[in-house]
file upload.cif (mmCIF, C-alpha atoms)
data_target
#
loop_
_atom_site.label_atom_id
_atom_site.label_comp_id
_atom_site.auth_asym_id
_atom_site.auth_seq_id
_atom_site.Cartn_x
_atom_site.Cartn_y
_atom_site.Cartn_z
CA MET A 1 112.60 152.76 102.50
CA ILE A 2 115.28 153.95 100.08
CA LYS A 3 117.64 151.37 101.53
CA GLN A 4 115.05 148.66 100.95
CA ILE A 5 114.56 149.73 97.32
CA ILE A 6 118.33 149.78 96.71
CA PHE A 7 118.65 146.35 98.31
CA PHE A 8 115.78 145.02 96.17
CA CYS A 9 117.31 146.38 92.95
CA PHE A 10 120.72 145.01 93.90
CA SER A 11 119.22 141.60 94.67
CA VAL A 12 117.38 141.50 91.35
CA LEU A 13 120.54 142.50 89.52
CA ILE A 14 122.57 139.81 91.22
CA SER A 15 119.96 137.11 90.84
CA ASN A 16 119.54 137.93 87.14
CA GLN A 17 123.26 137.58 86.65
CA LEU A 18 123.31 134.28 88.42
CA ALA A 19 120.20 132.99 86.69
CA ALA A 20 121.71 133.92 83.34
CA GLN A 21 124.37 131.30 83.98
CA TRP A 22 122.10 128.98 85.94
CA ILE A 23 124.64 129.12 88.72
CA GLY A 24 122.79 129.93 91.87
CA TYR A 25 119.41 129.25 90.26
CA PRO A 26 117.36 128.04 93.23
CA THR A 27 116.59 124.33 93.43
CA THR A 28 112.95 123.69 94.27
CA ASP A 29 111.64 121.84 97.34
CA VAL A 30 114.86 122.08 99.31
CA PRO A 31 114.34 121.42 103.03
CA ARG A 32 115.90 124.23 105.00
CA SER A 33 116.72 124.85 108.62
CA LYS A 34 115.52 127.97 110.42
CA ASP A 35 118.74 129.76 109.52
CA GLY A 36 118.14 129.12 105.83
CA SER A 37 120.83 126.51 105.40
CA VAL A 38 120.01 123.26 103.62
CA ASP A 39 118.81 120.60 106.05
CA MET A 40 120.95 117.76 104.75
CA ARG A 41 119.51 115.39 107.37
CA ALA A 42 115.88 115.99 106.38
CA PRO A 43 113.98 112.93 105.15
CA ALA A 44 114.67 111.82 101.60
CA PRO A 45 111.97 112.74 99.08
CA ARG A 46 109.88 109.92 97.70
CA LEU A 47 108.35 109.02 94.35
CA PRO A 48 104.58 108.71 93.96
CA ASP A 49 104.93 104.94 94.49
CA GLY A 50 106.55 105.55 97.87
CA LYS A 51 110.08 104.56 96.90
CA PRO A 52 112.97 106.95 97.63
CA ASP A 53 113.46 109.51 94.88
CA LEU A 54 117.15 109.50 93.96
CA SER A 55 116.84 112.57 91.74
CA GLY A 56 119.26 115.40 92.24
CA ILE A 57 122.70 116.65 91.35
CA TRP A 58 125.39 114.68 93.15
CA ILE A 59 129.12 114.97 93.80
CA SER A 60 131.58 112.93 95.85
CA ASP A 61 131.29 113.56 99.57
CA ASN A 62 134.60 113.47 101.42
CA THR A 63 133.30 115.23 104.52
CA PRO A 64 134.62 113.78 107.79
CA VAL A 65 131.96 111.82 109.64
CA ASP A 66 131.66 114.37 112.46
CA GLU A 67 131.24 117.37 110.15
CA PRO A 68 128.15 118.47 108.18
CA SER A 69 128.37 118.00 104.42
CA PRO A 70 128.21 121.14 102.30
CA SER A 71 125.39 121.55 99.78
CA ASP A 72 126.91 124.22 97.55
CA PRO A 73 127.85 123.88 93.87
CA PHE A 74 131.34 125.33 94.36
CA SER A 75 133.42 122.82 96.28
CA LEU A 76 133.81 119.84 93.97
CA PRO A 77 136.16 117.32 95.51
CA SER A 78 137.47 114.11 94.04
CA GLY A 79 136.27 110.94 95.74
CA ARG A 80 138.53 109.45 98.39
CA LEU A 81 138.86 106.25 96.33
CA MET A 82 139.35 107.95 92.97
CA THR A 83 143.10 107.36 92.93
CA ASN A 84 142.92 103.80 94.25
CA MET A 85 139.59 102.01 94.48
CA GLY A 86 141.14 99.52 96.88
CA ALA A 87 142.75 102.09 99.19
CA GLU A 88 140.62 101.12 102.17
CA MET A 89 140.80 97.39 101.46
CA GLU A 90 143.30 95.24 103.34
CA GLY A 91 145.87 94.21 100.78
CA GLY A 92 144.25 96.41 98.11
CA LEU A 93 142.23 95.17 95.16
CA PRO A 94 142.68 91.42 94.52
CA TYR A 95 144.15 91.65 91.02
CA GLN A 96 144.72 88.56 88.93
CA ASP A 97 148.42 88.02 88.16
CA TRP A 98 148.18 89.36 84.60
CA LEU A 99 146.72 92.65 85.80
CA ILE A 100 149.31 93.38 88.51
CA PRO A 101 152.10 94.63 86.17
CA ILE A 102 149.61 96.62 84.10
CA VAL A 103 148.28 98.53 87.11
CA ALA A 104 151.85 98.96 88.36
CA ARG A 105 152.80 100.54 85.03
CA HIS A 106 149.77 102.84 85.05
CA THR A 107 150.59 103.91 88.59
CA GLU A 108 154.29 104.36 87.85
CA ASN A 109 153.77 106.50 84.76
CA LEU A 110 151.20 108.71 86.52
CA ALA A 111 148.27 107.64 84.37
CA ILE A 112 149.53 109.02 81.07
CA GLU A 113 147.76 106.12 79.31
CA ASP A 114 144.48 106.99 81.00
CA PRO A 115 141.51 106.94 78.59
CA HIS A 116 140.08 109.86 80.57
CA ILE A 117 143.07 111.98 79.55
CA ARG A 118 142.40 111.09 75.93
CA CYS A 119 138.86 112.37 76.30
CA LEU A 120 137.14 108.98 76.29
CA PRO A 121 134.06 108.46 78.49
CA ASP A 122 134.30 107.59 82.17
CA ASN A 123 132.52 104.47 83.37
CA PHE A 124 129.97 105.16 86.10
CA LEU A 125 132.17 103.67 88.83
CA ARG A 126 134.86 106.17 88.11
CA ALA A 127 132.42 109.01 87.56
CA TYR A 128 131.25 108.66 91.18
CA GLY A 129 134.72 109.84 92.24
CA LEU A 130 135.67 112.43 89.64
CA PRO A 131 135.02 116.10 90.44
CA HIS A 132 132.26 116.47 87.87
CA MET A 133 128.59 116.78 88.68
CA LEU A 134 126.20 113.89 88.05
CA LYS A 135 122.49 114.56 87.65
CA PHE A 136 120.11 111.73 88.50
CA VAL A 137 116.68 112.00 86.88
CA HIS A 138 114.63 109.31 88.57
CA LYS A 139 111.21 108.11 87.40
CA ASP A 140 109.26 105.01 88.41
CA GLU A 141 110.71 102.71 85.77
CA LEU A 142 113.83 104.52 84.61
CA MET A 143 116.69 106.48 86.04
CA ILE A 144 118.89 108.58 83.79
CA VAL A 145 122.29 109.71 85.01
CA LEU A 146 123.68 112.72 83.19
CA ASN A 147 127.39 113.44 83.46
CA GLU A 148 128.55 116.94 82.63
CA MET A 149 131.91 115.48 81.57
CA ASN A 150 131.78 114.75 77.85
CA VAL A 151 128.00 115.19 77.89
CA GLY A 152 127.66 111.62 79.13
CA TYR A 153 124.59 109.61 80.00
CA ARG A 154 123.69 106.31 81.61
CA GLN A 155 120.33 104.50 81.62
CA VAL A 156 119.21 102.36 84.54
CA PHE A 157 116.02 100.48 83.76
CA ILE A 158 113.73 99.69 86.71
CA ASP A 159 111.04 98.00 84.64
CA GLY A 160 111.90 94.39 85.40
CA ARG A 161 113.73 93.68 82.18
CA ASP A 162 116.34 90.94 82.00
CA LEU A 163 119.93 91.84 81.25
CA PRO A 164 120.86 91.21 77.61
CA GLU A 165 122.55 87.98 76.56
CA ASP A 166 125.97 88.37 74.94
CA PRO A 167 125.81 92.18 74.94
CA SER A 168 127.99 94.27 72.70
CA PRO A 169 130.42 95.88 75.16
CA SER A 170 129.71 99.51 75.98
CA TRP A 171 131.20 102.29 78.12
CA GLN A 172 128.43 102.18 80.74
CA GLY A 173 127.31 98.61 80.23
CA TYR A 174 123.68 97.52 80.55
CA SER A 175 121.90 98.22 83.83
CA SER A 176 118.69 96.75 85.19
CA ALA A 177 117.50 97.50 88.71
CA ARG A 178 114.98 96.37 91.29
CA TRP A 179 113.98 97.55 94.74
CA GLU A 180 114.75 95.68 97.91
CA GLY A 181 112.93 97.76 100.50
CA ASP A 182 114.33 101.27 100.15
CA THR A 183 117.51 100.07 98.43
CA LEU A 184 117.82 100.28 94.66
CA MET A 185 119.79 97.23 93.53
CA ILE A 186 121.38 97.92 90.14
CA GLU A 187 122.99 95.07 88.24
CA THR A 188 125.25 95.92 85.34
CA ILE A 189 127.04 93.79 82.75
CA GLY A 190 128.56 94.38 79.33
CA VAL A 191 131.26 96.97 80.02
CA ARG A 192 134.28 97.12 77.75
CA ASP A 193 137.57 95.35 78.42
CA GLY A 194 140.13 97.72 79.87
CA THR A 195 137.60 100.01 81.55
CA TRP A 196 139.52 102.14 84.05
CA ILE A 197 137.96 102.57 87.47
CA ASP A 198 140.60 104.74 89.20
CA TRP A 199 143.66 106.91 88.46
CA ASN A 200 145.98 104.00 89.24
CA GLY A 201 144.57 102.21 86.23
CA SER A 202 142.65 99.41 87.95
CA GLN A 203 140.38 97.83 85.39
CA ILE A 204 137.22 95.86 84.85
CA GLY A 205 136.18 94.12 81.66
CA GLU A 206 133.58 92.26 79.65
CA GLN A 207 133.14 89.53 82.26
CA ALA A 208 132.42 91.99 85.05
CA ARG A 209 129.12 91.92 86.92
CA ILE A 210 128.64 95.03 89.03
CA ILE A 211 126.06 95.43 91.75
CA GLU A 212 125.25 98.84 93.17
CA GLU A 213 123.12 99.05 96.30
CA ILE A 214 121.96 102.64 96.48
CA THR A 215 120.16 104.17 99.44
CA ARG A 216 119.24 107.77 100.15
CA PRO A 217 119.41 107.90 103.95
CA ASP A 218 118.39 111.55 104.04
CA TYR A 219 117.86 114.52 101.75
CA GLY A 220 121.55 115.29 101.33
CA HIS A 221 123.29 111.96 100.72
CA LEU A 222 123.48 108.82 98.63
CA ASP A 223 125.21 105.76 100.03
CA ILE A 224 126.39 103.40 97.32
CA LYS A 225 127.76 99.97 98.07
CA VAL A 226 129.51 98.65 94.97
CA THR A 227 130.33 94.99 94.49
CA VAL A 228 132.44 93.95 91.51
CA ASP A 229 132.58 90.33 90.40
CA ASP A 230 135.05 90.08 87.54
CA PRO A 231 136.82 86.70 87.62
CA VAL A 232 139.05 87.63 84.68
CA ALA A 233 140.51 90.68 86.40
CA TYR A 234 140.19 89.80 90.11
CA THR A 235 140.73 86.70 92.19
CA ARG A 236 137.52 87.25 94.15
CA PRO A 237 134.54 89.63 94.25
CA TRP A 238 135.20 92.84 96.18
CA SER A 239 133.11 95.67 97.58
CA VAL A 240 133.59 99.34 98.38
CA ASN A 241 131.31 101.94 99.96
CA LEU A 242 130.96 105.27 98.20
CA ARG A 243 129.11 108.38 99.35
CA GLU A 244 127.74 111.27 97.33
CA ARG A 245 126.27 114.54 98.60
CA ILE A 246 123.58 116.70 97.08
CA VAL A 247 124.32 119.90 95.20
CA VAL A 248 121.62 122.56 95.40
CA ASP A 249 121.30 125.85 93.54
CA GLY A 250 123.64 124.60 90.84
CA GLU A 251 123.35 123.09 87.40
CA LEU A 252 125.39 120.98 85.01
CA ILE A 253 127.73 122.93 82.75
CA ASP A 254 129.13 120.75 80.01
CA GLU A 255 132.81 119.96 79.65
CA VAL A 256 133.51 118.48 76.24
CA CYS A 257 137.07 117.31 76.53
CA LEU A 258 137.97 117.12 72.84
CA GLU A 259 137.30 120.82 72.43
CA ASN A 260 140.88 121.83 73.26
CA GLU A 261 142.65 118.97 75.00
CA ARG A 262 146.40 119.63 75.03
CA PHE A 263 147.74 117.22 77.63
CA VAL A 264 148.91 114.73 75.01
CA GLU A 265 150.62 117.52 73.05
CA HIS A 266 152.30 118.98 76.12
CA MET A 267 153.54 115.56 77.19
CA ASN A 268 154.78 114.69 73.69
CA LEU A 269 152.57 111.62 73.70
CA GLU A 270 150.68 109.98 70.89
CA TYR A 271 147.02 109.09 70.66
CA MET B 1 121.78 139.62 102.60
CA ASN B 2 123.53 137.13 104.83
CA ARG B 3 122.95 134.42 102.24
CA LEU B 4 124.37 136.62 99.49
CA PHE B 5 127.43 137.29 101.63
CA LEU B 6 127.75 133.58 102.32
CA LEU B 7 127.52 132.84 98.60
CA ILE B 8 130.28 135.31 97.79
CA VAL B 9 132.52 134.10 100.59
CA THR B 10 131.91 130.50 99.65
CA THR B 11 132.69 131.27 96.03
CA LEU B 12 135.95 132.95 96.93
CA PHE B 13 137.29 130.44 99.38
CA CYS B 14 136.02 126.99 98.50
CA VAL B 15 138.52 124.92 96.60
CA SER B 16 137.08 123.77 93.34
CA ALA B 17 139.08 121.79 90.89
CA SER B 18 138.96 120.52 87.38
CA GLY B 19 140.07 116.93 87.41
CA HIS B 20 140.75 116.27 83.83
CA HIS B 21 144.36 115.25 83.64
CA SER B 22 147.08 113.66 85.66
CA PHE B 23 148.50 116.73 87.41
CA PRO B 24 151.66 115.06 88.76
CA ALA B 25 152.57 113.71 85.33
CA GLN B 26 152.65 117.19 83.87
CA TYR B 27 153.40 119.59 86.73
CA ASP B 28 155.69 119.63 89.77
CA ILE B 29 153.77 120.60 92.88
CA ASN B 30 157.07 121.46 94.57
CA GLN B 31 158.10 123.94 91.87
CA SER B 32 155.99 126.99 92.64
CA VAL B 33 156.33 130.11 90.52
CA THR B 34 154.97 133.66 90.49
CA LEU B 35 154.72 135.41 87.14
CA ASN B 36 153.88 139.02 86.35
CA GLY B 37 153.01 140.02 82.82
CA VAL B 38 150.55 140.98 80.15
CA VAL B 39 147.84 138.74 78.74
CA THR B 40 148.16 138.21 74.99
CA GLU B 41 145.48 135.58 74.35
CA VAL B 42 142.67 133.85 76.22
CA GLN B 43 141.36 130.44 75.12
CA TRP B 44 138.12 129.98 77.06
CA THR B 45 137.86 126.29 76.21
CA ASN B 46 137.25 122.81 77.61
CA PRO B 47 138.63 120.89 79.30
CA HIS B 48 141.05 123.63 80.35
CA ILE B 49 141.26 127.34 79.78
CA PHE B 50 144.62 128.51 78.46
CA ILE B 51 146.01 132.01 78.85
CA MET B 52 149.04 133.19 76.98
CA MET B 53 151.02 135.99 78.59
CA ASN B 54 154.21 137.93 77.98
CA VAL B 55 156.63 138.00 80.89
CA GLU B 56 159.78 140.10 81.02
CA ASN B 57 162.81 138.10 82.08
CA GLU B 58 164.36 140.10 84.92
CA ASP B 59 167.87 138.93 84.11
CA SER B 60 168.01 139.25 80.33
CA GLY B 61 165.29 141.82 79.79
CA ASP B 62 163.86 139.61 77.08
CA THR B 63 160.13 139.07 76.74
CA GLU B 64 159.11 135.43 77.18
CA GLU B 65 155.78 133.92 76.19
CA TRP B 66 154.27 131.74 78.90
CA THR B 67 151.17 129.58 78.82
CA LEU B 68 148.89 129.23 81.84
CA GLU B 69 146.57 126.29 82.28
CA LEU B 70 143.46 126.85 84.37
CA GLY B 71 140.41 124.74 85.19
CA GLY B 72 137.62 124.41 82.65
CA PRO B 73 134.85 126.94 82.07
CA ASN B 74 132.41 125.14 84.39
CA THR B 75 134.93 125.23 87.22
CA LEU B 76 135.78 128.89 86.73
CA LEU B 77 132.17 129.96 86.30
CA ARG B 78 131.41 128.27 89.62
CA LEU B 79 134.33 130.12 91.18
CA GLY B 80 132.75 133.40 90.14
CA TRP B 81 134.55 134.11 86.89
CA LYS B 82 132.87 135.57 83.83
CA ARG B 83 134.20 134.50 80.45
CA ASN B 84 135.39 138.00 79.60
CA ASP B 85 137.07 138.73 82.92
CA LEU B 86 140.48 138.40 81.31
CA LYS B 87 141.34 140.08 78.03
CA PRO B 88 144.48 140.68 75.97
CA GLY B 89 146.31 143.64 77.44
CA ASP B 90 145.34 142.92 81.05
CA VAL B 91 148.21 142.94 83.51
CA ILE B 92 148.16 140.00 85.90
CA GLU B 93 150.12 138.22 88.60
CA VAL B 94 149.92 134.44 88.63
CA ASP B 95 150.82 131.85 91.25
CA GLY B 96 151.13 128.27 90.09
CA SER B 97 153.20 125.15 89.54
CA LEU B 98 155.82 124.74 86.80
CA ALA B 99 155.67 122.09 84.10
CA ARG B 100 158.04 119.18 84.71
CA ASN B 101 159.49 119.30 81.18
CA GLY B 102 160.95 122.78 81.61
CA SER B 103 158.67 124.41 79.07
CA PRO B 104 157.18 127.85 79.85
CA LEU B 105 153.94 126.28 81.04
CA VAL B 106 152.28 126.79 84.41
CA ASN B 107 149.30 125.23 86.12
CA ALA B 108 147.74 128.35 87.62
CA GLU B 109 146.40 128.33 91.16
CA SER B 110 145.37 131.98 91.47
CA ILE B 111 145.44 135.14 89.41
CA ILE B 112 145.45 138.74 90.59
CA MET B 113 144.13 141.34 88.16
CA GLU B 114 146.35 144.38 88.60
CA ALA B 115 143.69 146.86 87.53
CA THR B 116 141.32 145.91 90.32
CA GLY B 117 143.46 143.98 92.79
CA ARG B 118 140.95 141.16 92.50
CA ARG B 119 142.38 137.71 93.29
CA MET B 120 140.66 134.75 91.68
CA LEU B 121 141.23 131.05 92.15
CA ALA B 122 142.09 129.35 88.87
CA GLY B 123 140.59 125.88 89.38
CA SER B 124 143.90 124.06 89.58
CA SER B 125 143.72 120.28 89.57
CA ARG B 126 146.81 119.99 91.81
CA ASN B 127 144.91 118.32 94.63
CA ASP B 128 142.94 115.91 92.48
CA ASN B 129 145.34 113.02 92.20
#
call {"tool": "encode", "arguments": {"input": "upload.cif", "output": "structure tokens"}}
result
Amino acid sequence: MIKQIIFFCFSVLISNQLAAQWIGYPTTDVPRSKDGSVDMRAPAPRLPDGKPDLSGIWISDNTPVDEPSPSDPFSLPSGRLMTNMGAEMEGGLPYQDWLIPIVARHTENLAIEDPHIRCLPDNFLRAYGLPHMLKFVHKDELMIVLNEMNVGYRQVFIDGRDLPEDPSPSWQGYSSARWEGDTLMIETIGVRDGTWIDWNGSQIGEQARIIEEITRPDYGHLDIKVTVDDPVAYTRPWSVNLRERIVVDGELIDEVCLENERFVEHMNLEY
Amino acid sequence: MNRLFLLIVTTLFCVSASGHHSFPAQYDINQSVTLNGVVTEVQWTNPHIFIMMNVENEDSGDTEEWTLELGGPNTLLRLGWKRNDLKPGDVIEVDGSLARNGSPLVNAESIIMEATGRRMLAGSSRNDN
């Protein structure tokens, strides 16, 4: 009995410590296997209207196909395409001639011109691969994506609205989505010229039209097929497949880059 | 209890990184260094935590001031750190990678607190890009 009391007190102490930081705070409605581990292959949750609920905290999933994905909030890998979005594409990304020397320079100088390094926001394509948590808050007609990096946000409207005409360019562009079966088809336009999408400095711009086809095949994963049609930057449309995995018992902790960024100072660069 | 143990083990051994900057532009992954010294200042800040420490040069006997770069607070909190784990006066041993420009700057991979023997991962971004 004494052992049980000591264990109880110890557990309360530990859980209070964890809860105080919201690290380890238990996520609700997590499907679990008999051994208590998260059942990543359990059916995806659904919204009241029957569509898949994409809500959750997500991070790049680089787990080999034959291994189970983790669900913890501790291992935060970079996406496999974060360095080079065209790494798995034969011949790489189909850059227009003007963009080839620019990307070559960015790659050669190890991304010291990267807007990310200068604390500017990451476009959603890049955010899928950076080791920072994304929180999807999904309602019937709206999905909000919160990015702990630079306290970022993105709005995806699912209310049938048309995309704006001649939009003022923005960091995340303008996103309107519709369902095709259980796939959320997001169409985005209006991103800024020179928007970096990987560490090599590949870019998209104002003429880009981006389609994301998002499915949640099970509780633990999002599959995202991205198609970019940007005739100014690329000779043809191209597609990549990205995968995210769920994070349970974790929470966003903000990372405001401008607080004490010293890379530029250490590298003797200029803003 | 098994879950608690799993949480602790996972926290200690999973590699978590803070992918803010271009690691290879600033640090040389092939230039590893181990430093022993005394903490003089802790900047618990985003996007990277900086620790200043005094290190005695074994050859000259002079005291050198080194700067350690760690991951950001969110990375270290997830690795099990508390923001006051390191304080001025603490004696530590650091493993990390040297800055390419020859300055006394290190991207820290792990830190051992001499007082407790505790080894903590430092959220290095060396494997990010």
call {"tool": "resolve_selection", "arguments": {"input": "upload.cif", "expression": "the PyMOL selection byres ((chain A and resi 113) around 12)", "output": "CSV table (one decimal) with C-alpha atoms, in the frame of the given file"}}
result
chain,number,residue,atom,x,y,z
A,102,ILE,CA,149.6,96.6,84.1
A,103,VAL,CA,148.3,98.5,87.1
A,105,ARG,CA,152.8,100.5,85.0
A,106,HIS,CA,149.8,102.8,85.0
A,107,THR,CA,150.6,103.9,88.6
A,108,GLU,CA,154.3,104.4,87.8
A,109,ASN,CA,153.8,106.5,84.8
A,110,LEU,CA,151.2,108.7,86.5
A,111,ALA,CA,148.3,107.6,84.4
A,112,ILE,CA,149.5,109.0,81.1
A,114,ASP,CA,144.5,107.0,81.0
A,115,PRO,CA,141.5,106.9,78.6
A,116,HIS,CA,140.1,109.9,80.6
A,117,ILE,CA,143.1,112.0,79.6
A,118,ARG,CA,142.4,111.1,75.9
A,119,CYS,CA,138.9,112.4,76.3
A,120,LEU,CA,137.1,109.0,76.3
A,194,GLY,CA,140.1,97.7,79.9
A,196,TRP,CA,139.5,102.1,84.0
A,199,TRP,CA,143.7,106.9,88.5
A,200,ASN,CA,146.0,104.0,89.2
A,201,GLY,CA,144.6,102.2,86.2
A,263,PHE,CA,147.7,117.2,77.6
A,264,VAL,CA,148.9,114.7,75.0
A,267,MET,CA,153.5,115.6,77.2
A,269,LEU,CA,152.6,111.6,73.7
A,270,GLU,CA,150.7,110.0,70.9
A,271,TYR,CA,147.0,109.1,70.7
B,21,HIS,CA,144.4,115.2,83.6
B,22,SER,CA,147.1,113.7,85.7
B,25,ALA,CA,152.6,113.7,85.3
call {"tool": "residues_around", "arguments": {"input": "upload.cif", "residues": "Gly71 (chain B)", "least_positions_apart": "5", "cutoff": "8 Å", "atoms": "only C-alpha atoms", "output": "PyMOL selection string"}}
result
chain B and resi 17-18+47-49+76+122-125
call {"tool": "atom_distance", "arguments": {"input": "upload.cif", "atom1": "CA of His266 (chain A)", "atom2": "CA of Leu98 (chain B)"}}
result
12.6 Å
call {"tool": "interface_residues", "arguments": {"input": "upload.cif", "of": "chain A", "to": "chain B", "cutoff": "9 Å", "atoms": "only C-alpha atoms", "output": "number ranges by chain"}}
result
A: 7, 11, 21, 23-24, 36-37, 72-79, 82-83, 109-112, 114, 116-119, 130-132, 149, 199, 250, 252-263, 266-267
call {"tool": "residues_around", "arguments": {"input": "upload.cif", "residues": "Ile204 (chain A)", "least_positions_apart": "5", "cutoff": "10 Å", "atoms": "only C-alpha atoms", "output": "list of chain:residue names"}}
result
A:Asn123, A:Val191, A:Arg192, A:Asp193, A:Gly194, A:Thr195, A:Trp196, A:Ile197, A:Arg209, A:Ile210, A:Val228, A:Asp229, A:Asp230, A:Pro231, A:Val232, A:Ala233, A:Tyr234
call {"tool": "closest_residue", "arguments": {"input": "upload.cif", "among": "B:Arg118, B:Ile112, B:Thr67, B:Val38", "to": "Ser97 (chain B)", "atoms": "only C-alpha atoms"}}
result
B:Thr67
call {"tool": "decode", "arguments": {"input": "upload.cif", "residues": "region 83-120 of chain A", "atoms": "C-alpha atoms", "output": "short mmCIF file (atom, residue, chain, number, x, y, z; two decimals), in the first residue's frame"}}
result
data_model
loop_
_atom_site.label_atom_id
_atom_site.label_comp_id
_atom_site.auth_asym_id
_atom_site.auth_seq_id
_atom_site.Cartn_x
_atom_site.Cartn_y
_atom_site.Cartn_z
CA THR A 83 16.96 20.31 -48.82
CA ASN A 84 15.89 19.65 -52.40
CA MET A 85 12.20 19.47 -53.30
CA GLY A 86 13.12 17.71 -56.53
CA ALA A 87 15.43 15.12 -54.96
CA GLU A 88 13.22 12.19 -55.94
CA MET A 89 12.38 13.58 -59.37
CA GLU A 90 14.28 12.35 -62.41
CA GLY A 91 16.40 15.27 -63.53
CA GLY A 92 15.33 17.34 -60.51
CA LEU A 93 12.95 20.29 -60.57
CA PRO A 94 12.37 21.64 -64.11
CA TYR A 95 13.72 25.15 -63.58
CA GLN A 96 13.38 27.80 -66.22
CA ASP A 97 16.77 28.98 -67.52
CA TRP A 98 16.77 32.20 -65.49
CA LEU A 99 16.28 30.30 -62.24
CA ILE A 100 19.06 27.73 -62.75
CA PRO A 101 22.01 30.03 -61.81
CA ILE A 102 20.06 31.48 -58.88
CA VAL A 103 19.40 28.07 -57.34
CA ALA A 104 22.99 27.07 -58.09
CA ARG A 105 24.21 30.12 -56.17
CA HIS A 106 21.90 29.42 -53.22
CA THR A 107 23.10 25.83 -53.13
CA GLU A 108 26.76 26.78 -53.49
CA ASN A 109 26.73 29.38 -50.72
CA LEU A 110 24.90 27.03 -48.32
CA ALA A 111 21.72 29.08 -48.16
CA ILE A 112 23.19 32.17 -46.52
CA GLU A 113 20.65 34.28 -48.47
CA ASP A 114 17.78 32.17 -47.15
CA PRO A 115 14.82 34.29 -45.95
CA HIS A 116 14.29 31.69 -43.22
CA ILE A 117 17.70 32.56 -41.77
CA ARG A 118 16.70 36.21 -41.72
CA CYS A 119 13.64 35.31 -39.69
CA LEU A 120 11.08 35.79 -42.45
#
